[in-house]
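Quick look at start29.cif (mmCIF, C-alpha atoms):
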data_data
#
loop_
_atom_site.label_atom_id
_atom_site.label_comp_id
_atom_site.auth_asym_id
_atom_site.auth_seq_id
_atom_site.Cartn_x
_atom_site.Cartn_y
_atom_site.Cartn_z
CA MET K 1 -139.92 22.19 77.26
CA SER K 2 -140.93 18.54 77.09
CA SER K 3 -138.61 15.89 75.72
CA TRP K 4 -140.84 15.80 72.63
CA ASN K 5 -140.31 19.53 72.02
CA ILE K 6 -136.55 19.12 72.41
CA LEU K 7 -136.65 16.20 70.01
CA ARG K 8 -138.76 18.20 67.54
CA ALA K 9 -136.45 21.19 67.84
CA HIS K 10 -133.47 18.92 67.37
CA HIS K 11 -135.02 17.35 64.28
CA ALA K 12 -135.85 20.79 62.89
CA GLY K 13 -132.21 21.79 63.33
CA VAL K 14 -131.06 18.67 61.52
CA ALA K 15 -133.57 19.22 58.72
CA VAL K 16 -132.38 22.80 58.22
CA THR K 17 -128.76 21.68 58.23
CA PHE K 18 -129.62 18.83 55.89
CA CYS K 19 -131.48 21.13 53.49
CA VAL K 20 -128.51 23.48 53.30
CA ARG K 21 -126.04 20.65 52.77
CA PHE K 22 -128.23 18.45 50.55
CA PRO K 23 -127.54 20.28 47.24
CA LEU K 24 -123.79 20.17 47.86
CA LEU K 25 -123.98 16.46 48.73
CA MET K 26 -126.02 15.78 45.58
CA VAL K 27 -123.54 17.64 43.38
CA LEU K 28 -120.66 15.68 44.90
CA ALA K 29 -122.54 12.40 44.43
CA ILE K 30 -123.38 13.18 40.79
CA VAL K 31 -119.81 14.23 39.99
CA THR K 32 -118.45 11.11 41.68
CA LEU K 33 -120.89 8.82 39.85
CA SER K 34 -120.28 10.45 36.49
CA PHE K 35 -116.54 9.99 36.96
CA PHE K 36 -117.03 6.23 37.24
CA CYS K 37 -119.82 5.79 34.67
CA GLY K 38 -118.20 6.13 31.27
CA THR K 39 -117.39 8.37 28.38
CA SER K 40 -119.73 11.31 28.88
CA ALA K 41 -117.94 12.31 32.08
CA GLN K 42 -114.62 12.07 30.25
CA ALA K 43 -115.80 13.78 27.07
CA ALA K 44 -114.33 17.08 26.00
CA ARG K 45 -116.34 20.04 24.79
CA PRO K 46 -116.04 21.44 21.28
CA GLY K 47 -113.08 23.78 21.29
CA SER K 48 -111.00 21.49 23.51
CA GLN K 49 -107.26 21.65 22.82
CA GLN K 50 -106.71 18.08 24.07
CA PRO K 51 -105.25 15.88 21.29
CA GLY K 52 -107.20 12.66 20.76
CA ALA K 53 -110.11 13.76 22.97
CA THR K 54 -113.63 12.49 22.40
CA ILE K 55 -116.13 15.29 21.91
CA VAL K 56 -119.73 14.32 22.65
CA VAL K 57 -122.24 16.58 20.94
CA ASN K 58 -125.53 16.67 22.78
CA SER K 59 -128.39 18.74 21.42
CA ASP K 60 -126.86 21.51 19.31
CA TYR K 61 -128.96 24.02 17.43
CA GLY K 62 -126.26 25.41 15.17
CA GLY K 63 -124.59 28.77 14.85
CA SER K 64 -122.01 30.43 12.66
CA VAL K 65 -120.85 28.31 9.71
CA ARG K 66 -117.47 30.05 9.81
CA LYS K 67 -116.96 29.23 13.51
CA ARG K 68 -118.10 25.62 13.02
CA TYR K 69 -115.76 25.25 10.04
CA ASN K 70 -112.85 26.41 12.22
CA GLN K 71 -113.89 24.05 15.05
CA ILE K 72 -113.94 21.07 12.69
CA GLN K 73 -110.54 22.00 11.26
CA GLN K 74 -109.16 22.03 14.81
CA ILE K 75 -110.88 18.73 15.68
CA ASN K 76 -109.30 17.05 12.65
CA ARG K 77 -105.89 18.62 13.30
CA LEU K 78 -105.91 17.35 16.91
CA GLY K 79 -107.14 13.87 15.95
CA GLN K 80 -110.26 14.18 18.08
CA ARG K 81 -113.33 11.94 17.83
CA VAL K 82 -116.84 13.41 17.53
CA GLU K 83 -119.85 11.50 18.85
CA ILE K 84 -123.17 13.08 17.89
CA ARG K 85 -125.56 11.66 20.48
CA GLY K 86 -128.07 14.38 21.33
CA ARG K 87 -131.72 14.65 20.43
CA ASP K 88 -131.10 17.34 17.80
CA CYS K 89 -128.16 18.36 15.63
CA LEU K 90 -129.40 21.29 13.58
CA SER K 91 -127.99 23.75 11.10
CA SER K 92 -124.20 24.14 11.36
CA CYS K 93 -124.07 21.24 13.85
CA THR K 94 -124.57 18.93 10.85
CA MET K 95 -121.11 20.00 9.65
CA TYR K 96 -119.64 17.76 12.38
CA LEU K 97 -120.35 14.97 9.90
CA GLY K 98 -117.19 16.23 8.19
CA ALA K 99 -114.95 15.32 11.11
CA LYS K 100 -112.47 12.59 10.18
CA ASN K 101 -113.56 10.43 13.13
CA VAL K 102 -117.30 10.84 13.68
CA CYS K 103 -120.19 8.64 14.73
CA VAL K 104 -123.89 9.32 15.15
CA SER K 105 -126.72 8.00 17.27
CA PRO K 106 -129.53 6.45 15.24
CA THR K 107 -132.07 8.48 17.23
CA THR K 108 -130.50 11.91 16.68
CA SER K 109 -132.51 14.19 14.40
CA PHE K 110 -130.30 16.11 11.96
CA GLY K 111 -131.74 19.34 10.57
CA PHE K 112 -130.50 20.87 7.32
CA HIS K 113 -131.19 24.19 5.61
CA GLY K 114 -129.49 26.51 3.19
CA PRO K 115 -127.10 29.29 4.13
CA TYR K 116 -128.60 32.66 4.90
CA ARG K 117 -127.72 35.94 6.54
CA GLY K 118 -130.14 38.34 8.15
CA GLY K 119 -130.47 41.83 6.76
CA PRO K 120 -129.46 42.20 3.14
CA GLY K 121 -129.15 38.44 2.64
CA LEU K 122 -126.59 36.65 0.51
CA SER K 123 -125.78 37.32 -3.11
CA GLN K 124 -126.09 34.30 -5.43
CA ASP K 125 -122.29 33.94 -5.45
CA GLU K 126 -122.16 34.01 -1.63
CA PHE K 127 -125.06 31.55 -1.42
CA ASP K 128 -123.29 29.14 -3.76
CA ALA K 129 -119.94 29.52 -1.99
CA TRP K 130 -121.38 28.91 1.50
CA SER K 131 -123.48 26.00 0.19
CA LYS K 132 -120.26 24.39 -1.03
CA VAL K 133 -118.47 25.02 2.29
CA ILE K 134 -121.33 23.39 4.20
CA SER K 135 -121.84 20.45 1.82
CA ALA K 136 -118.11 19.65 1.79
CA HIS K 137 -118.64 18.37 5.35
CA TYR K 138 -121.19 15.74 4.30
CA PRO K 139 -120.77 12.20 2.99
CA SER K 140 -121.38 11.99 -0.76
CA PRO K 141 -125.08 10.95 -0.75
CA VAL K 142 -125.94 13.64 1.82
CA ARG K 143 -123.84 16.20 -0.06
CA ASN K 144 -125.73 15.52 -3.30
CA TRP K 145 -129.13 15.76 -1.57
CA TYR K 146 -128.08 18.95 0.20
CA MET K 147 -126.88 20.65 -3.00
CA GLN K 148 -129.96 19.57 -4.98
CA LYS K 149 -132.63 20.20 -2.35
CA ALA K 150 -131.83 21.19 1.25
CA ARG K 151 -129.74 24.26 0.48
CA TYR K 152 -132.76 25.87 -1.14
CA SER K 153 -134.73 25.57 2.08
CA THR K 154 -133.78 28.70 4.01
CA THR K 155 -136.96 29.07 6.06
CA ASN K 156 -137.67 25.42 6.93
CA ILE K 157 -135.42 22.76 8.39
CA LEU K 158 -135.35 19.43 6.55
CA ARG K 159 -134.74 16.57 8.98
CA ILE K 160 -133.01 13.21 8.66
CA LYS K 161 -132.65 10.69 11.48
CA GLY K 162 -129.24 9.35 12.42
CA ALA K 163 -130.47 5.88 11.41
CA GLU K 164 -130.78 7.10 7.80
CA LEU K 165 -127.28 8.61 7.90
CA ILE K 166 -125.98 5.29 9.22
CA ARG K 167 -127.71 3.53 6.32
CA LEU K 168 -125.88 5.96 4.01
CA GLY K 169 -122.52 5.01 5.50
CA VAL K 170 -121.96 7.23 8.56
CA THR K 171 -120.57 5.25 11.51
CA MET K 172 -123.00 4.44 14.33
CA CYS K 173 -121.86 5.31 17.86
CA ARG K 174 -121.42 2.28 20.09
#

Write out the structure in this file as structure tokens.
Amino acid sequence: MSSWNILRAHHAGVAVTFCVRFPLLMVLAIVTLSFFCGTSAQAARPGSQQPGATIVVNSDYGGSVRKRYNQIQQINRLGQRVEIRGRDCLSSCTMYLGAKNVCVSPTTSFGFHGPYRGGPGLSQDEFDAWSKVISAHYPSPVRNWYMQKARYSTTNILRIKGAELIRLGVTMCR
């Protein structure tokens, strides 16, 4: 074997070792950097039991109104802050606007629609009751718009940018 072959074999061994270790090194580097780079690394997830925590909501496409209602009650009880910073905050995610300490990014797109349930659907009384539960989490101008227009849209999402919510009085995230 020539010295070149030994060198090539040695480099191949290093490359294989490096390839195996590279993902682990990258994960460690990212975790270390995120620890030193600000709030998102220190943010709690929705459902956190930590009093006073900051919950950063990235893109959230909604879910159960009942579960979201309970999450927001817990957030308010624990004195947590909610920062809505993702690209999209759709459906029940918009109920985070009802947190006592909330801010929004001007670029986030908020998507609203009326309550619905698959299968037999909602009775008129259920529709009205759930509409009121949802709208109770909105600032007054948004609540009025929701009750007059958005709640009747059950197949399409009506969108509002965070910048418009800020104009209507919602705090902008810094």

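With only C-alpha atoms as the atoms that count, the residue of K:Ala163, K:Ala43, K:Ala99, K:Val133 with the shortest distance to Gly114 of chain K is K:Val133.
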
* Compare K:Arg117, K:Arg87, K:Arg81, K:Arg151 by their minimum atom-to-atom distance to Ile134 of chain K, counting only C-alpha atoms, and give me the closest one. =>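 Going through K:Arg117, K:Arg87, K:Arg81, K:Arg151 one by one, the smallest distance to Ile134 of chain K is for K:Arg151.
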
* List the neighbours of segment 89-92 of chain K out to 9 Å using all atoms listed in the file; skip same-chain residues closer than 2 positions along the sequence, and give me the result as a PyMOL selection string. => chain K and resi 57-65+68-69+84-87+94-96+108-115+134+157+159

* To do: Apply the PyMOL selection byres ((chain K and resi 140) around 12) to the file shown and report the selected residues as JSON, numbers by chain.
  => {"K": [97, 98, 135, 136, 137, 138, 139, 141, 142, 143, 144, 145, 146, 147, 165, 168, 169, 170]}

* Structure fact -> One decimal place gives the atom CA of Lys67 of chain K-atom CA of Gly162 of chain K separation as 23.4 Å

* Separation of atom CA of Ser105 of chain K from atom CA of Thr54 of chain K, in Å and rounded to one decimal -> 14.8 Å
